[in-house]
file query-v6.cif (mmCIF, C-alpha atoms and all ligand atoms)
data_protein
loop_
_atom_site.label_atom_id
_atom_site.label_comp_id
_atom_site.auth_asym_id
_atom_site.auth_seq_id
_atom_site.Cartn_x
_atom_site.Cartn_y
_atom_site.Cartn_z
CA MET P 1 76.49 -167.10 303.58
CA PRO P 2 73.28 -167.96 305.42
CA GLU P 3 71.90 -171.31 304.35
CA GLY P 4 68.36 -172.06 303.32
CA ASP P 5 67.49 -173.30 306.78
CA THR P 6 68.56 -169.98 308.31
CA ILE P 7 66.41 -168.01 305.91
CA PHE P 8 63.56 -170.44 306.49
CA ARG P 9 63.80 -169.88 310.25
CA THR P 10 64.00 -166.13 309.77
CA ALA P 11 60.95 -166.11 307.50
CA ARG P 12 59.02 -168.28 309.91
CA SER P 13 59.78 -166.06 312.89
CA LEU P 14 58.86 -162.98 310.89
CA ASN P 15 55.66 -164.69 309.82
CA GLN P 16 54.73 -165.62 313.39
CA ALA P 17 55.34 -162.10 314.64
CA LEU P 18 53.99 -160.04 311.74
CA GLY P 19 51.60 -162.31 309.85
CA GLY P 20 48.01 -161.05 309.92
CA ARG P 21 49.09 -157.74 311.51
CA LEU P 22 48.60 -154.21 310.31
CA VAL P 23 51.66 -152.22 309.25
CA THR P 24 51.90 -149.14 311.48
CA GLY P 25 55.21 -147.82 310.20
CA PHE P 26 57.72 -148.20 307.41
CA GLU P 27 61.13 -146.64 307.07
CA THR P 28 63.90 -147.20 304.57
CA ALA P 29 67.35 -146.00 303.64
CA LEU P 30 66.94 -147.27 300.06
CA ALA P 31 65.69 -144.88 297.39
CA GLY P 32 64.04 -147.64 295.36
CA LEU P 33 61.89 -148.77 298.28
CA ALA P 34 61.13 -145.20 299.36
CA ARG P 35 59.80 -144.34 295.91
CA VAL P 36 57.33 -147.24 295.89
CA ASN P 37 56.29 -146.44 299.46
CA ASP P 38 55.60 -142.81 298.51
CA ASP P 39 53.32 -143.89 295.67
CA ALA P 40 51.61 -146.79 297.41
CA PRO P 41 52.25 -146.56 301.16
CA LEU P 42 52.86 -149.65 303.21
CA VAL P 43 51.21 -148.23 306.34
CA GLY P 44 47.65 -149.50 306.58
CA ARG P 45 48.37 -152.69 304.67
CA MET P 46 48.27 -156.10 306.29
CA VAL P 47 51.34 -158.37 306.38
CA GLU P 48 49.73 -161.41 304.80
CA ARG P 49 52.63 -163.82 305.23
CA VAL P 50 56.39 -164.11 305.11
CA GLU P 51 57.99 -167.00 303.27
CA SER P 52 61.41 -168.13 302.17
CA ARG P 53 62.27 -169.38 298.73
CA GLY P 54 65.72 -170.85 298.86
CA LYS P 55 67.84 -167.94 299.99
CA TRP P 56 65.24 -165.28 299.31
CA CYS P 57 62.84 -163.87 301.87
CA LEU P 58 59.44 -162.71 300.58
CA MET P 59 57.16 -160.53 302.72
CA HIS P 60 53.65 -160.29 301.24
CA PHE P 61 51.48 -157.24 301.90
CA SER P 62 47.75 -156.86 301.21
CA ARG P 63 46.26 -154.17 298.98
CA GLY P 64 46.85 -150.58 300.02
CA GLN P 65 44.09 -148.44 301.50
CA SER P 66 43.50 -146.70 298.19
CA GLY P 67 43.18 -150.10 296.51
CA ALA P 68 46.81 -150.15 295.37
CA GLU P 69 48.03 -153.57 294.24
CA PRO P 70 49.36 -156.04 296.81
CA LEU P 71 53.13 -155.73 297.23
CA ILE P 72 55.90 -158.20 297.95
CA LEU P 73 59.08 -157.07 299.69
CA VAL P 74 61.84 -159.31 298.34
CA THR P 75 65.18 -159.47 300.13
CA HIS P 76 68.29 -161.53 299.65
CA MET P 77 70.79 -161.84 302.48
CA LEU P 78 73.89 -162.75 300.46
CA MET P 79 76.98 -162.54 302.68
CA SER P 80 76.19 -159.90 305.24
CA GLY P 81 72.47 -159.20 305.37
CA SER P 82 70.06 -160.21 308.11
CA TRP P 83 66.56 -159.59 309.41
CA HIS P 84 66.17 -158.85 313.11
CA LEU P 85 62.93 -158.90 315.01
CA TYR P 86 62.47 -156.63 318.01
CA ARG P 87 59.68 -155.80 320.40
CA SER P 88 58.60 -152.19 319.90
CA GLY P 89 61.03 -149.94 321.69
CA GLU P 90 63.65 -152.66 322.19
CA ARG P 91 67.22 -151.57 321.51
CA TRP P 92 68.64 -152.65 318.14
CA ARG P 93 71.77 -154.77 318.20
CA MET P 94 73.16 -153.27 315.04
CA PRO P 95 73.97 -149.62 314.34
CA ARG P 96 71.27 -147.52 312.74
CA ARG P 97 73.43 -146.83 309.68
CA ALA P 98 73.31 -150.56 308.86
CA MET P 99 69.50 -150.37 308.62
CA ARG P 100 68.05 -150.75 305.12
CA CYS P 101 64.37 -150.95 306.00
CA VAL P 102 62.03 -151.33 308.97
CA VAL P 103 58.52 -152.77 308.94
CA ARG P 104 56.59 -151.87 312.12
CA THR P 105 53.45 -153.37 313.58
CA GLU P 106 51.91 -152.50 316.92
CA ALA P 107 54.03 -155.04 318.81
CA TYR P 108 57.12 -155.58 316.66
CA GLU P 109 59.78 -154.00 314.52
CA ALA P 110 61.34 -156.10 311.78
CA VAL P 111 64.62 -154.53 310.70
CA ALA P 112 66.65 -155.53 307.65
CA PHE P 113 70.35 -154.77 308.15
CA HIS P 114 72.88 -154.66 305.35
CA VAL P 115 70.65 -156.53 302.91
CA PRO P 116 72.31 -155.97 299.53
CA ILE P 117 69.11 -156.64 297.60
CA ALA P 118 65.72 -155.30 298.67
CA GLU P 119 62.94 -154.63 296.19
CA PHE P 120 59.20 -154.23 296.08
CA HIS P 121 57.44 -156.43 293.55
CA THR P 122 53.91 -157.05 292.44
CA ALA P 123 53.00 -160.67 291.72
CA ARG P 124 53.46 -159.88 288.02
CA SER P 125 56.83 -158.15 288.26
CA LEU P 126 58.08 -160.98 290.48
CA ALA P 127 57.05 -163.57 287.91
CA ARG P 128 58.93 -161.59 285.23
CA SER P 129 62.00 -160.94 287.36
CA SER P 130 65.11 -162.62 286.09
CA GLN P 131 67.00 -161.76 289.26
CA VAL P 132 64.78 -163.76 291.58
CA PRO P 133 65.45 -167.18 290.14
CA LYS P 134 62.82 -169.74 289.37
CA LEU P 135 63.75 -172.10 292.13
CA GLY P 136 63.59 -175.85 292.30
CA PRO P 137 61.39 -177.45 294.97
CA ASP P 138 62.27 -176.07 298.41
CA VAL P 139 63.54 -178.84 300.66
CA LEU P 140 61.84 -177.23 303.65
CA ALA P 141 58.49 -176.56 302.02
CA GLU P 142 55.55 -178.43 303.56
CA GLU P 143 54.65 -180.03 300.26
CA PHE P 144 58.20 -181.29 299.64
CA THR P 145 58.49 -185.09 299.64
CA PRO P 146 61.51 -187.34 299.03
CA GLN P 147 59.82 -188.43 295.80
CA THR P 148 59.66 -184.81 294.58
CA GLY P 149 63.35 -184.39 295.32
CA VAL P 150 64.43 -187.62 293.65
CA ALA P 151 62.34 -186.85 290.56
CA ARG P 152 63.87 -183.38 290.30
CA LEU P 153 67.45 -184.67 290.67
CA GLU P 154 66.86 -187.40 288.11
CA SER P 155 65.32 -185.11 285.53
CA TYR P 156 68.20 -182.67 285.97
CA ALA P 157 70.69 -185.53 285.60
CA ARG P 158 69.09 -186.48 282.27
CA GLU P 159 69.54 -182.91 280.97
CA HIS P 160 73.01 -182.39 282.49
CA PRO P 161 74.61 -185.83 282.81
CA GLU P 162 78.13 -184.41 283.20
CA ALA P 163 77.32 -182.09 286.11
CA GLU P 164 79.16 -182.89 289.34
CA VAL P 165 77.18 -183.90 292.42
CA GLY P 166 78.72 -181.15 294.57
CA VAL P 167 77.71 -178.50 292.04
CA VAL P 168 74.20 -179.85 291.53
CA LEU P 169 73.45 -179.97 295.27
CA LEU P 170 74.19 -176.25 295.47
CA ASN P 171 72.16 -175.34 292.40
CA GLN P 172 69.03 -173.62 293.72
CA ARG P 173 67.20 -174.29 290.46
CA VAL P 174 67.45 -178.01 291.11
CA LEU P 175 66.70 -178.12 294.85
CA ALA P 176 66.25 -174.90 296.79
CA GLY P 177 67.71 -174.46 300.25
CA LEU P 178 71.01 -176.32 300.48
CA GLY P 179 74.07 -174.18 301.04
CA ASN P 180 77.77 -174.89 301.02
CA VAL P 181 77.92 -176.49 304.47
CA TYR P 182 75.17 -179.02 303.83
CA LYS P 183 76.40 -179.76 300.34
CA SER P 184 79.50 -181.47 301.79
CA GLU P 185 77.68 -182.91 304.81
CA VAL P 186 74.87 -184.44 302.77
CA ALA P 187 77.27 -186.00 300.24
CA PHE P 188 79.28 -187.49 303.13
CA ALA P 189 76.23 -188.89 304.90
CA ALA P 190 74.97 -190.41 301.64
CA GLN P 191 78.46 -191.82 300.98
CA VAL P 192 78.59 -190.23 297.56
CA ASN P 193 81.80 -188.66 296.25
CA PRO P 194 80.93 -185.02 295.41
CA TRP P 195 83.17 -185.11 292.30
CA ARG P 196 81.15 -187.83 290.60
CA THR P 197 78.89 -186.83 287.75
CA VAL P 198 75.16 -187.08 288.35
CA GLU P 199 74.71 -189.60 285.55
CA THR P 200 76.66 -192.17 287.60
CA LEU P 201 74.27 -191.97 290.57
CA THR P 202 72.15 -195.02 291.27
CA ARG P 203 68.53 -194.59 292.33
CA THR P 204 69.49 -195.63 295.87
CA GLU P 205 72.25 -193.02 296.04
CA THR P 206 69.93 -190.31 294.77
CA GLU P 207 67.38 -191.31 297.38
CA ARG P 208 70.02 -191.17 300.11
CA LEU P 209 71.13 -187.68 299.03
CA VAL P 210 67.56 -186.40 299.20
CA GLU P 211 66.86 -188.19 302.46
CA PHE P 212 69.88 -186.64 304.20
CA ALA P 213 69.24 -183.21 302.70
CA LEU P 214 65.76 -183.33 304.18
CA ARG P 215 66.89 -184.72 307.53
CA TYR P 216 69.70 -182.19 308.05
CA MET P 217 67.72 -179.20 306.92
CA ARG P 218 64.79 -180.12 309.17
CA ALA P 219 67.05 -180.91 312.14
CA ASN P 220 68.43 -177.40 311.98
CA VAL P 221 65.07 -175.72 311.83
CA VAL P 222 64.44 -175.41 315.54
CA ASP P 223 61.15 -173.93 316.65
CA GLY P 224 61.60 -170.23 317.24
CA LYS P 225 59.25 -168.47 319.59
CA GLY P 226 58.91 -165.52 317.25
CA ASP P 227 60.51 -163.42 319.94
CA GLY P 228 63.74 -161.50 320.33
CA ILE P 229 66.49 -161.40 317.80
CA VAL P 230 66.57 -163.50 314.67
CA THR P 231 70.06 -164.18 313.50
CA TYR P 232 72.17 -167.03 312.34
CA THR P 233 74.31 -167.62 315.36
CA GLY P 234 73.77 -171.09 316.79
CA HIS P 235 75.66 -174.04 315.47
CA ARG P 236 74.54 -176.20 312.62
CA ARG P 237 74.36 -179.81 313.63
CA THR P 238 74.89 -182.81 311.44
CA THR P 239 76.65 -185.20 313.81
CA ARG P 240 74.74 -186.08 316.96
CA SER P 241 77.19 -184.36 319.26
CA MET P 242 76.29 -180.92 320.54
CA ASP P 243 79.95 -180.10 321.14
CA SER P 244 80.73 -177.21 318.81
CA GLU P 245 84.09 -178.72 317.82
CA ASP P 246 82.35 -181.89 316.90
CA ARG P 247 79.28 -180.74 315.09
CA VAL P 248 79.95 -181.52 311.43
CA TRP P 249 81.30 -184.55 309.60
CA VAL P 250 83.59 -182.97 307.02
CA TYR P 251 82.88 -179.26 306.54
CA ARG P 252 86.03 -177.17 307.26
CA ARG P 253 87.81 -180.30 308.53
CA SER P 254 90.38 -180.78 305.75
CA GLY P 255 93.56 -182.43 307.03
CA GLN P 256 91.70 -183.85 310.05
CA GLU P 257 90.66 -187.45 310.62
CA CYS P 258 87.36 -188.69 309.29
CA ARG P 259 85.04 -189.26 312.25
CA ARG P 260 83.90 -192.53 310.71
CA CYS P 261 87.02 -194.20 309.25
CA GLY P 262 90.03 -192.11 310.31
CA ALA P 263 91.18 -191.23 306.77
CA THR P 264 92.24 -187.63 306.09
CA ILE P 265 89.44 -185.26 305.02
CA GLN P 266 90.15 -183.52 301.71
CA MET P 267 89.13 -180.12 300.38
CA ARG P 268 89.13 -178.73 296.86
CA LYS P 269 87.38 -175.83 295.13
CA GLN P 270 84.56 -177.00 292.90
CA GLY P 271 82.50 -175.59 290.05
CA THR P 272 82.64 -172.27 288.23
CA GLN P 273 82.02 -170.49 291.54
CA ALA P 274 84.97 -172.32 293.14
CA ARG P 275 83.11 -173.25 296.32
CA SER P 276 84.99 -175.35 298.88
CA THR P 277 84.02 -179.00 298.84
CA TYR P 278 85.05 -181.34 301.68
CA TRP P 279 84.98 -185.12 301.52
CA CYS P 280 86.46 -188.33 302.86
CA PRO P 281 88.32 -190.26 300.14
CA GLU P 282 87.60 -193.57 301.93
CA CYS P 283 83.93 -193.17 302.86
CA GLN P 284 83.11 -191.48 299.54
CA ARG P 285 84.96 -193.40 296.88
ZN ZN Y 301 85.87 -191.67 306.15
#
call {"tool": "encode", "arguments": {"input": "query-v6.cif", "output": "C-alpha cells", "more": "lines below"}}
Ligand SMILES: [Zn+2]
result
Amino acid sequence: MPEGDTIFRTARSLNQALGGRLVTGFETALAGLARVNDDAPLVGRMVERVESRGKWCLMHFSRGQSGAEPLILVTHMLMSGSWHLYRSGERWRMPRRAMRCVVRTEAYEAVAFHVPIAEFHTARSLARSSQVPKLGPDVLAEEFTPQTGVARLESYAREHPEAEVGVVLLNQRVLAGLGNVYKSEVAFAAQVNPWRTVETLTRTETERLVEFALRYMRANVVDGKGDGIVTYTGHRRTTRSMDSEDRVWVYRRSGQECRRCGATIQMRKQGTQARSTYWCPECQR
C-alpha cells in the first residue's frame, strides 16, 4: 500500500508537469470516466492543480470550452494502482491493458495504471461523496503545524479514549498521510507503546508522535524533477543509514534485535483491519 508520502510525491510531480497546461488528449478504459468525458470533454480544459489528500490523488480541471463545470479526477491507489508520468512518445513501463486513464498535455502523458477507484467529481459531488473520506489535517500540507496535529490527536482522544495508539495513527480521519510503515516507526521513535490507549498519552508524548510523524514524512518527500517515471520504488528511510537492510527501526523486523537496545522486536496484528504492528517491548514500555 503506497503511503501518504508516496501519493504526495506523485501528486507534486504531476502538478509540476501538468499544472497550468492545456489538456490535449484524454483516453480511458473505464466506462464511468468515458461517459463524463463524452458529455463534458476534458480536451481544451486546463489542469489547474494536482493535490493529494491522504491516500487520494485529486486532479483539478478548469471549466470546459462550452462552459461545463470544473471537474476533479479523483483516484485512489489502494494496493496496486499508480500514476506514471512520461514525456510524449516515451515508452510506457506497464502494459497497455493495465491502463485505466491517460491525461495528455503537449509535453507529457500522465497514465494511471491499475487504479481501482477513478471518478470524475464536481466540487459539489465531491463534498457529498461518502467514499472520499473527510480527512484529518494532512501531515504534509503546507499549513500543517505540530500544534494542529497535537490538537487533532487530543480532541480525538477525548472522543475515543479507549482507542489504541497504533490504530489512531493509521486513521486518516484523525491525521491524513501516515501508512502502516510509519505507524510503527513513529511510535518507536516517540517511545510510545502502540498498544496503549490514547487517553494515557501525556502532552509530551503526543507532541513527540506528531513531531516524528512530520519529520519522517517530510524526510521521505524528496524533490522530484517532475520528469520520467513516478513510482514508489526507492526505500523509505527512518534510520539515518542509507543501507537498505538498515533503513527502518522496527517495521518488518520482528524477531530481530532492536537497533537501540538489543531486545527482540515484536509483531502483532492490531485493530479491526488486523494491520501488522511492530514494536520494541523495552524501548516502548
Ligand atoms: Zn529497544
call {"tool": "closest_residue", "arguments": {"input": "query-v6.cif", "among": "P:Thr6, P:Thr105, P:Gln65, P:Gln284", "to": "Arg260 of chain P", "atoms": "all atoms listed in the file"}}
result
P:Gln284
call {"tool": "residues_near_ligand", "arguments": {"input": "query-v6.cif", "ligand": "ligand ZN 301 (chain Y)", "cutoff": "12 Å", "atoms": "only C-alpha atoms and all ligand atoms", "output": "PyMOL selection string"}}
result
chain P and resi 187-193+249-250+253-254+256-266+278-285
call {"tool": "atom_distance", "arguments": {"input": "query-v6.cif", "atom1": "atom CA of Trp56 of chain P", "atom2": "atom CA of Gln270 of chain P"}}
result
23.5 Å
call {"tool": "residues_near_point", "arguments": {"input": "query-v6.cif", "point": "(64.7, -197.5, 292.6)", "cutoff": "12 Å", "atoms": "only C-alpha atoms", "output": "CSV table (one decimal) with C-alpha atoms, keeping the file's coordinate frame"}}
result
chain,number,residue,atom,x,y,z
P,147,GLN,CA,59.8,-188.4,295.8
P,150,VAL,CA,64.4,-187.6,293.6
P,151,ALA,CA,62.3,-186.8,290.6
P,154,GLU,CA,66.9,-187.4,288.1
P,201,LEU,CA,74.3,-192.0,290.6
P,202,THR,CA,72.2,-195.0,291.3
P,203,ARG,CA,68.5,-194.6,292.3
P,204,THR,CA,69.5,-195.6,295.9
P,205,GLU,CA,72.2,-193.0,296.0
P,206,THR,CA,69.9,-190.3,294.8
P,207,GLU,CA,67.4,-191.3,297.4
P,208,ARG,CA,70.0,-191.2,300.1
call {"tool": "closest_residue", "arguments": {"input": "query-v6.cif", "among": "P:Leu178, P:Ile72, P:Tyr156, P:Glu109", "to": "Leu126 of chain P", "atoms": "only C-alpha atoms"}}
result
P:Ile72
call {"tool": "atom_distance", "arguments": {"input": "query-v6.cif", "atom1": "atom CA of Ala98 of chain P", "atom2": "atom CA of Ser80 of chain P"}}
result
10.4 Å
call {"tool": "atom_distance", "arguments": {"input": "query-v6.cif", "atom1": "atom CA of Ala123 of chain P", "atom2": "atom CA of Met217 of chain P"}}
result
28.1 Å
call {"tool": "closest_residue", "arguments": {"input": "query-v6.cif", "among": "P:Ala68, P:Val23, P:Leu42, P:Leu175", "to": "Gly149 of chain P", "atoms": "only C-alpha atoms"}}
result
P:Leu175
call {"tool": "closest_residue", "arguments": {"input": "query-v6.cif", "among": "P:Ala31, P:Leu140, P:Ala274, P:Ala127", "to": "Glu51 of chain P", "atoms": "all atoms listed in the file"}}
result
P:Leu140
call {"tool": "residues_around", "arguments": {"input": "query-v6.cif", "residues": "Lys134 of chain P", "least_positions_apart": "3", "cutoff": "12 Å", "atoms": "only C-alpha atoms", "output": "list in words"}}
result
Arg53, Gly54, Lys55, Trp56, Leu126, Ala127, Arg128, Ser129, Ser130, Gln131, Pro137, Asp138, Asn171, Gln172, Arg173, Val174, Leu175 and Ala176 of chain P
call {"tool": "residues_around", "arguments": {"input": "query-v6.cif", "residues": "Gly64 of chain P", "least_positions_apart": "2", "cutoff": "8 Å", "atoms": "only C-alpha atoms", "output": "list in words"}}
result
Ala40, Pro41, Leu42, Gly44, Arg45, Ser62, Ser66, Gly67, Ala68, Glu69 and Pro70 of chain P
call {"tool": "axis_aligned_box", "arguments": {"input": "query-v6.cif", "around": "segment 43-52 of chain P", "padding_each_side": "6 Å", "output": "lines of an AutoDock Vina configuration file"}}
result
center_x = 54.5
center_y = -158.2
center_z = 304.4
size_x = 25.8
size_y = 31.9
size_z = 16.4
